[in-house]
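Before any comments, here is the structure.
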Amino acid sequence: MTLAFYIAAAVALAATFRAVTHADAVHALLYFIVSLLAAAVIFYILGAPFVAALEIIIYAGAIIVLFLFVVMLLHIGRGQRREERTWIRPRVWIGPAMLAAVLLAATVTVILAESPPAPYDLPQATAPSDIGVSLFGPYVVAVQLAALLLLAGLVGASHLRRHDKSTPLRAKGDPP
Amino acid sequence: MNTHVPLEHVMLLAVALFAIGLAGLLARRNLIFMLVSVEVMLNAAGLAFIAAGAYWGQVDGQSMFIFILTMAAAEVAVGLAIILQFHWRHHHLDADAAATMKG
């Protein structure tokens with residue numbers, strides 16, 4: 001089980017790296033799906049099988065597929081890929097990579113310096129019913145807020161997708 | 001934790017994933033990749049929640065992950081709608097073009 005964790009962690013890191021650096025949107029999204037599957041394996045190892053299933057069903061199965069739909073809807077083809085390659089030259093990565101590396105180093109130092117206190121008890125794999133009890137017990141207000149958030153997302157998305165043909169609002173200098 | 005994976009290692013993985021997402025968010029100019037990088041960061045945060053919840057033997061970490069999932073779904077719906085609208089207006093996905101956006 002421990003070995004499986006390290007294998008899944010390596011896969012997750014490599015797949016995420018490729019997802020972020022790839023020039024082709026579809027390939028990047030497929031790499032991200034691999035990364036999410038690796039994360040689901042880690043969740044399973046950590047004793048959270050319900051969340052692992054949710055990760056696959058909702059994240060990989062719904063959210064990323066929504067991304068893929070949009071990428072295919074936009075007809076991002078060869079030209080876009082070539083343009084993308086000119087955007088992600090190594091020089092562009094220096095600043096962000098250095099900033100992220102500094103943050104990473106700082107956090108790694110903090111994590112390794114402090115040994116965590118002993119856990120309360122010996123945990124087991126959590127049953128979905130326990131999560132349900134937790135969600136609708138102490139977190140019931142948060143569930144209501146999540147419902148409100150989803151409603152706001154729904155209204156926002158359906159408002160934004162409107163094609164307002166009377167006012168094209170094209171910025172100056174853009175190709176028509 | 002029902003395994004012998006130390007908490008630090010899971011946290012280190014979460015931090016590394018978060019850093020990759022952050023670098024991607026800062027470096028990429030394509031809006032779709034920026035949104036994917038945000039998803040990477042959200043997923044890393046969820047991993048940290050799950051690890052901490054598993055370590056303490058509480059279900060709260062998993063509840064929080066479900067909230068993160070809900071938030072990610074709402075965020076992606078709005079973000080992709082904005083991307084579609086942006087592509088309809090500009091015919092590309094260069095985030096720098098949004099600098100000239102009005103109102």
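Convention: chains lettered A, B, ... in structure tokens order; per-chain residue numbering from 1; ligands numbered from 1 as shown.
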Exercise: B:His9 partners within 10 Å, only C-alpha atoms, chain neighbours under 4 positions left out, as an NGL selection string: (:A and (5-6 or 9 or 108 or 111-112)) or (:B and (5 or 13-15 or 51))
With N, CA and C atoms retained, could you export that selection as a PDB file, in the first residue's frame?
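Generated output (part_25.pdb):
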ATOM      1  N   PHE A   5       1.274   4.160  -2.913  1.00  0.00           N
ATOM      2  CA  PHE A   5       1.165   5.610  -2.732  1.00  0.00           C
ATOM      3  C   PHE A   5       2.270   6.333  -3.479  1.00  0.00           C
ATOM      4  N   TYR A   6       3.517   5.849  -3.346  1.00  0.00           N
ATOM      5  CA  TYR A   6       4.615   6.581  -3.975  1.00  0.00           C
ATOM      6  C   TYR A   6       4.533   6.486  -5.494  1.00  0.00           C
ATOM      7  N   ALA A   9       1.877   8.873  -6.476  1.00  0.00           N
ATOM      8  CA  ALA A   9       2.354  10.247  -6.323  1.00  0.00           C
ATOM      9  C   ALA A   9       3.241  10.639  -7.496  1.00  0.00           C
ATOM     10  N   VAL A 108       7.929  23.332   2.033  1.00  0.00           N
ATOM     11  CA  VAL A 108       8.562  22.040   2.316  1.00  0.00           C
ATOM     12  C   VAL A 108       9.392  22.130   3.588  1.00  0.00           C
ATOM     13  N   ILE A 111       7.007  22.067   6.509  1.00  0.00           N
ATOM     14  CA  ILE A 111       6.394  20.746   6.725  1.00  0.00           C
ATOM     15  C   ILE A 111       7.409  19.786   7.339  1.00  0.00           C
ATOM     16  N   LEU A 112       8.648  19.829   6.826  1.00  0.00           N
ATOM     17  CA  LEU A 112       9.640  18.882   7.320  1.00  0.00           C
ATOM     18  C   LEU A 112      10.168  19.266   8.700  1.00  0.00           C
TER      19      LEU A 112
ATOM     20  N   VAL B   5       1.795   5.473   5.314  1.00  0.00           N
ATOM     21  CA  VAL B   5       2.241   6.649   4.574  1.00  0.00           C
ATOM     22  C   VAL B   5       2.296   7.813   5.556  1.00  0.00           C
ATOM     23  N   LEU B  13       3.443  16.121  -1.344  1.00  0.00           N
ATOM     24  CA  LEU B  13       2.863  15.916  -2.673  1.00  0.00           C
ATOM     25  C   LEU B  13       1.846  17.010  -2.984  1.00  0.00           C
ATOM     26  N   ALA B  14       0.992  17.324  -1.996  1.00  0.00           N
ATOM     27  CA  ALA B  14      -0.023  18.354  -2.223  1.00  0.00           C
ATOM     28  C   ALA B  14       0.633  19.700  -2.522  1.00  0.00           C
ATOM     29  N   VAL B  15       1.686  20.027  -1.768  1.00  0.00           N
ATOM     30  CA  VAL B  15       2.361  21.306  -1.991  1.00  0.00           C
ATOM     31  C   VAL B  15       3.022  21.328  -3.369  1.00  0.00           C
ATOM     32  N   ALA B  51      -5.753  14.223   3.356  1.00  0.00           N
ATOM     33  CA  ALA B  51      -4.640  13.670   4.135  1.00  0.00           C
ATOM     34  C   ALA B  51      -4.794  14.024   5.605  1.00  0.00           C
TER      35      ALA B  51
END
For stretch 84-100 of chain A: contacts at 8 Å, only C-alpha atoms, fewer than 2 positions along chain excluded, given as an MDAnalysis selection string: (chainID A and resid 21 23:24 80:82 102:104) or (chainID B and resid 19:20 22:24 26:30)
Backbone-only DSSP, alpha helix (DSSP H) members of stretch 54-168 of chain A, as an NGL selection string: :A and (54 or 64-73 or 78-87 or 90-113 or 128-136 or 140-160)
Near stretch 45-48 of chain B, counting only C-alpha atoms, which residues have an atom at most 9 Å away, once you skip same-chain residues fewer than 5 positions from it, shown as a compact mmCIF listing (two decimals) with N, CA and C atoms, in the first residue's frame?
# COMPACT_ATOMS: atom_id res chain seq x y z
N ALA A 39 -4.67 10.80 -8.16
CA ALA A 39 -5.14 11.38 -6.90
C ALA A 39 -6.23 10.50 -6.28
N ILE A 42 -4.65 7.74 -4.50
CA ILE A 42 -4.10 8.20 -3.21
C ILE A 42 -5.22 8.32 -2.18
N PHE A 43 -6.38 8.86 -2.59
CA PHE A 43 -7.50 8.98 -1.67
C PHE A 43 -7.92 7.61 -1.16
N VAL B 10 2.38 13.04 2.14
CA VAL B 10 1.17 13.43 1.41
C VAL B 10 1.12 14.95 1.29
N MET B 11 1.48 15.65 2.39
CA MET B 11 1.46 17.12 2.36
C MET B 11 2.49 17.63 1.34
N LEU B 13 3.44 16.12 -1.34
CA LEU B 13 2.86 15.92 -2.67
C LEU B 13 1.85 17.01 -2.98
N ALA B 14 0.99 17.32 -2.00
CA ALA B 14 -0.02 18.35 -2.22
C ALA B 14 0.63 19.70 -2.52
N VAL B 15 1.69 20.03 -1.77
CA VAL B 15 2.36 21.31 -1.99
C VAL B 15 3.02 21.33 -3.37
N LEU B 17 2.11 19.66 -6.06
CA LEU B 17 1.06 19.81 -7.07
C LEU B 17 0.58 21.25 -7.12
N PHE B 18 0.43 21.86 -5.93
CA PHE B 18 -0.04 23.24 -5.88
C PHE B 18 0.97 24.16 -6.56
N VAL B 40 -5.90 22.32 -10.97
CA VAL B 40 -4.79 21.58 -10.36
C VAL B 40 -4.58 22.05 -8.92
N GLY B 53 -7.55 14.87 7.19
CA GLY B 53 -8.71 14.18 7.73
C GLY B 53 -8.42 12.72 8.02
N GLY B 61 -12.43 16.24 6.83
CA GLY B 61 -11.61 16.47 5.64
C GLY B 61 -12.34 16.08 4.38
N GLN B 62 -13.04 14.95 4.45
CA GLN B 62 -13.76 14.49 3.25
C GLN B 62 -14.97 15.38 2.97
N MET B 64 -15.05 18.54 3.58
CA MET B 64 -14.48 19.74 2.95
C MET B 64 -14.14 19.47 1.49
N PHE B 65 -13.66 18.26 1.19
CA PHE B 65 -13.35 17.95 -0.20
C PHE B 65 -14.61 18.02 -1.06
N ILE B 66 -15.73 17.56 -0.50
CA ILE B 66 -16.98 17.63 -1.27
C ILE B 66 -17.35 19.09 -1.54
N ILE B 68 -15.17 21.53 -1.81
CA ILE B 68 -14.22 21.99 -2.84
C ILE B 68 -14.70 21.54 -4.22
N LEU B 69 -15.18 20.31 -4.29
CA LEU B 69 -15.68 19.75 -5.55
C LEU B 69 -16.85 20.58 -6.06
Residue with smallest distance to B:Glu8 - pool A:Ala25, A:Ala40, A:Met72, A:Val110, counting only C-alpha atoms: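 Closest to B:Glu8, using only C-alpha atoms: A:Val110.
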Distance of atom CA of A:Thr16 from atom CA of A:Ala152, expressed in Å to one decimal place: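 Those two atoms sit 29.5 Å apart.
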Atom-to-atom span, atom CA of B:Ser37 and atom CA of B:Leu25, Å: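 That distance, rounded to one decimal, is 5.3 Å.
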